[in-house]
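First the structure, in the form of structure tokens, and then the observations on it.
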Amino acid sequence: MGKMRMATAADTKAILDIYAPYIEHTNVTFEYVVPTEAEFAGRIEEILEKYPYLVYEEDGVIGGYAYAHQFMVRAASQWGAELSVYLAPQAQKRGLGKAFYGALEELLFLQNVEKLYGCIEASNEASRRLHESMGYEKTALFPRCAFKKGQWLSLLWLEKTLAEREAPLPLKTIWQVPEEKRKEILECYAQQVRF
């Protein structure tokens, strides 16, 4: 059985090795150029200041990763988080995407996040099905808003409500969630991944 844990700087190369083929061979991400390890390590570090950045590891090999970051950049939007997940080919169709999203949702709820967002290329059926199976609803479509690999692409936004409070609670960082609670959540969802 594998384990789910918080990412560290030491995971950068393994995570980037999973992400690079998505950039080079698909329209899943709108990036054109694979970032350098140093640039990517900076991205991981920046996210980990406030949000969960998770990896799933089996026998020392990282098979996928997922993370959350603030939805939009202004202070008034801080109670929303956008989620992303990327899996290596050998880790697909094993329930890992759902396990990652389940863990992220529980952690973000404990951080007092209220709304979750998925932003996907509109023809990405696998991602759309994952989001819909987790209770996300389509909220916006931006047609022909990106161009990659010789074609125009559309962007689909999906949304899920975690909580609806009259006034939001102060947002916590992932590190303000008790370590034992984080560990318990990650262990629970790691057990849901099929062998």
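Chains: A, B, ... in order of the structure tokens. Residues: from 1 per chain. Ligands: from 1, in order shown.
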
Could you build a table of the residues in region 85-176 of chain A lying no more than 12 Å from region 22-36 of chain A, giving for each the nearest pair of atoms and their separation in Å rounded to one decimal place, using only C-alpha atoms, ordered by chain and ascending residue number, as CSV?
```
residue,atom,partner,partner_atom,distance
A:Val85,CA,A:Val28,CA,10.8
A:Tyr86,CA,A:Tyr22,CA,8.5
A:Leu87,CA,A:Tyr22,CA,9.7
A:Ala88,CA,A:Tyr22,CA,9.8
A:Pro89,CA,A:Tyr22,CA,10.8
A:Cys119,CA,A:Thr29,CA,10.0
A:Ile120,CA,A:Val28,CA,7.1
A:Glu121,CA,A:Val28,CA,5.9
A:Ala122,CA,A:Val28,CA,9.2
A:Ser123,CA,A:Val28,CA,8.9
A:Asn124,CA,A:Val28,CA,6.9
A:Glu125,CA,A:Val28,CA,10.4
A:Ala126,CA,A:Val28,CA,10.4
A:Ser127,CA,A:Val28,CA,9.1
A:Arg128,CA,A:Val28,CA,11.5
A:Cys145,CA,A:Phe30,CA,10.3
A:Ala146,CA,A:Phe30,CA,7.3
A:Phe147,CA,A:Phe30,CA,8.1
A:Lys148,CA,A:Asn27,CA,6.8
A:Lys149,CA,A:Asn27,CA,7.6
A:Gly150,CA,A:Asn27,CA,10.4
A:Gln151,CA,A:Asn27,CA,9.5
A:Trp152,CA,A:Asn27,CA,10.0
A:Leu153,CA,A:Asn27,CA,8.0
A:Ser154,CA,A:Asn27,CA,10.2
A:Leu155,CA,A:Phe30,CA,10.0
A:Leu156,CA,A:Val28,CA,11.6
```

Which of region 1-182 of chain A counts as alpha helix (DSSP H) under DSSP, as a PyMOL selection string please?
chain A and resi 12-25+37-48+96-110+125-133+179-182

task = Give the answer as one residue: which of A:Glu114, A:Glu179, A:Asp17, A:Glu57 has the shortest atom-to-atom distance to Gly80 (chain A), using only C-alpha atoms?
result =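 Result for the nearest residue to Gly80 (chain A): A:Glu114.
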
For Glu49 (chain A), the closest of A:Glu137, A:Leu83, A:Ser77, A:Thr8 counting only C-alpha atoms is A:Thr8

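Considering the residues A:Phe109, A:Tyr19, A:Phe40, A:Trp175 and counting only C-alpha atoms, Ile62 (chain A) has its shortest atom-to-atom contact with A:Tyr19.
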
TODO: For CA of Lys172 (chain A) and CA of Ala41 (chain A), quote the distance in Å rounded to one decimal.
DONE: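 CA of Ala41 (chain A) lies at a distance of 22.8 Å from CA of Lys172 (chain A).
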
Contacts of Lys50 (chain A) at 12 Å or less, counting only C-alpha atoms, minus same-chain residues fewer than 6 places along, as a list of chain:residue names?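 Near Lys50 (chain A), the qualifying residues are A:Ile44, A:Tyr67, A:Ala68, A:His69, A:Gln70, A:Gln78, A:Ala81, A:Leu107, A:Leu108, A:Gln111, A:Val113, A:Leu171, A:Lys172, A:Thr173, A:Ile174, A:Trp175, A:Gln176, A:Val177.
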
If you count only C-alpha atoms, the residue of A:Glu82, A:Glu180, A:Glu166, A:Glu39 closest to Tyr101 (chain A) turns out to be A:Glu82

In Å, how far is it from CA of Ala140 (chain A) to CA of Val73 (chain A)?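 Separation between CA of Ala140 (chain A) and CA of Val73 (chain A): 18.7 Å.
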
Ala7 (chain A) proximity check over A:Gly42, A:Glu37, A:Ala66, A:Glu132, using only C-alpha atoms: winner is A:Ala66

Margin query: Taking only chain A into account, list the residues labelled strand (DSSP E or B) by DSSP (computed from the backbone), as an NGL selection string.
Written below: :A and (3-6 or 53-58 or 61-70 or 80-87 or 115-121 or 137-148 or 151-161)

Can you pull out every residue within 9 Å of Val55 (chain A), counting only C-alpha atoms, but drop anything in the same chain fewer than 5 positions away, and send it as a list in words?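 Result of the neighbour search: Lys3, Met4, Arg5, Met6, Ala7, Asp11, Ile15, Ile62, Gly63, Gly64, Tyr65, Ala66, Tyr67 and Phe100 of chain A.
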
Selection export as a PDB file, in the first residue's frame, atoms kept: N, CA and C atoms:
```pdb
ATOM      1  N   LYS A   3       1.479   5.580   0.372  1.00  0.00           N
ATOM      2  CA  LYS A   3       1.157   6.587   1.379  1.00  0.00           C
ATOM      3  C   LYS A   3       0.980   7.942   0.713  1.00  0.00           C
ATOM      4  N   MET A   4       0.114   8.730   1.308  1.00  0.00           N
ATOM      5  CA  MET A   4      -0.126  10.096   0.877  1.00  0.00           C
ATOM      6  C   MET A   4       0.515  10.995   1.925  1.00  0.00           C
ATOM      7  N   ARG A   5       1.231  12.012   1.456  1.00  0.00           N
ATOM      8  CA  ARG A   5       1.920  12.905   2.394  1.00  0.00           C
ATOM      9  C   ARG A   5       2.071  14.288   1.777  1.00  0.00           C
ATOM     10  N   MET A   6       2.500  15.224   2.611  1.00  0.00           N
ATOM     11  CA  MET A   6       2.794  16.565   2.121  1.00  0.00           C
ATOM     12  C   MET A   6       4.068  16.506   1.277  1.00  0.00           C
ATOM     13  N   ALA A   7       4.102  17.256   0.209  1.00  0.00           N
ATOM     14  CA  ALA A   7       5.284  17.326  -0.643  1.00  0.00           C
ATOM     15  C   ALA A   7       6.394  18.094   0.067  1.00  0.00           C
ATOM     16  N   ASP A  11      10.991  16.443  -3.461  1.00  0.00           N
ATOM     17  CA  ASP A  11      10.096  15.777  -4.416  1.00  0.00           C
ATOM     18  C   ASP A  11      10.026  16.493  -5.761  1.00  0.00           C
ATOM     19  N   ILE A  15       7.959  15.163  -9.143  1.00  0.00           N
ATOM     20  CA  ILE A  15       6.696  15.830  -9.484  1.00  0.00           C
ATOM     21  C   ILE A  15       6.787  16.424 -10.888  1.00  0.00           C
ATOM     22  N   ILE A  62       6.926   8.315  -6.587  1.00  0.00           N
ATOM     23  CA  ILE A  62       5.756   9.198  -6.559  1.00  0.00           C
ATOM     24  C   ILE A  62       4.922   8.953  -7.820  1.00  0.00           C
ATOM     25  N   GLY A  63       3.657   8.595  -7.601  1.00  0.00           N
ATOM     26  CA  GLY A  63       2.770   8.284  -8.711  1.00  0.00           C
ATOM     27  C   GLY A  63       1.810   9.394  -9.068  1.00  0.00           C
ATOM     28  N   GLY A  64       1.738  10.428  -8.242  1.00  0.00           N
ATOM     29  CA  GLY A  64       0.839  11.533  -8.526  1.00  0.00           C
ATOM     30  C   GLY A  64       0.969  12.608  -7.481  1.00  0.00           C
ATOM     31  N   TYR A  65       0.395  13.759  -7.804  1.00  0.00           N
ATOM     32  CA  TYR A  65       0.416  14.867  -6.855  1.00  0.00           C
ATOM     33  C   TYR A  65      -0.832  15.712  -7.058  1.00  0.00           C
ATOM     34  N   ALA A  66      -1.178  16.453  -6.021  1.00  0.00           N
ATOM     35  CA  ALA A  66      -2.347  17.331  -6.065  1.00  0.00           C
ATOM     36  C   ALA A  66      -2.113  18.483  -5.097  1.00  0.00           C
ATOM     37  N   TYR A  67      -2.719  19.611  -5.405  1.00  0.00           N
ATOM     38  CA  TYR A  67      -2.529  20.768  -4.537  1.00  0.00           C
ATOM     39  C   TYR A  67      -3.703  21.720  -4.679  1.00  0.00           C
ATOM     40  N   PHE A 100      -7.120  11.969  -3.728  1.00  0.00           N
ATOM     41  CA  PHE A 100      -6.470  13.274  -3.569  1.00  0.00           C
ATOM     42  C   PHE A 100      -7.507  14.363  -3.302  1.00  0.00           C
TER      43      PHE A 100
END
```

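Distance check against Gln191 (chain A) using only C-alpha atoms: of A:Pro21, A:Gly102, A:Pro52, A:Pro170, the minimum falls on A:Gly102.
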
The distance between CA of Gly118 (chain A) and CA of Lys181 (chain A) is 24.9 Å
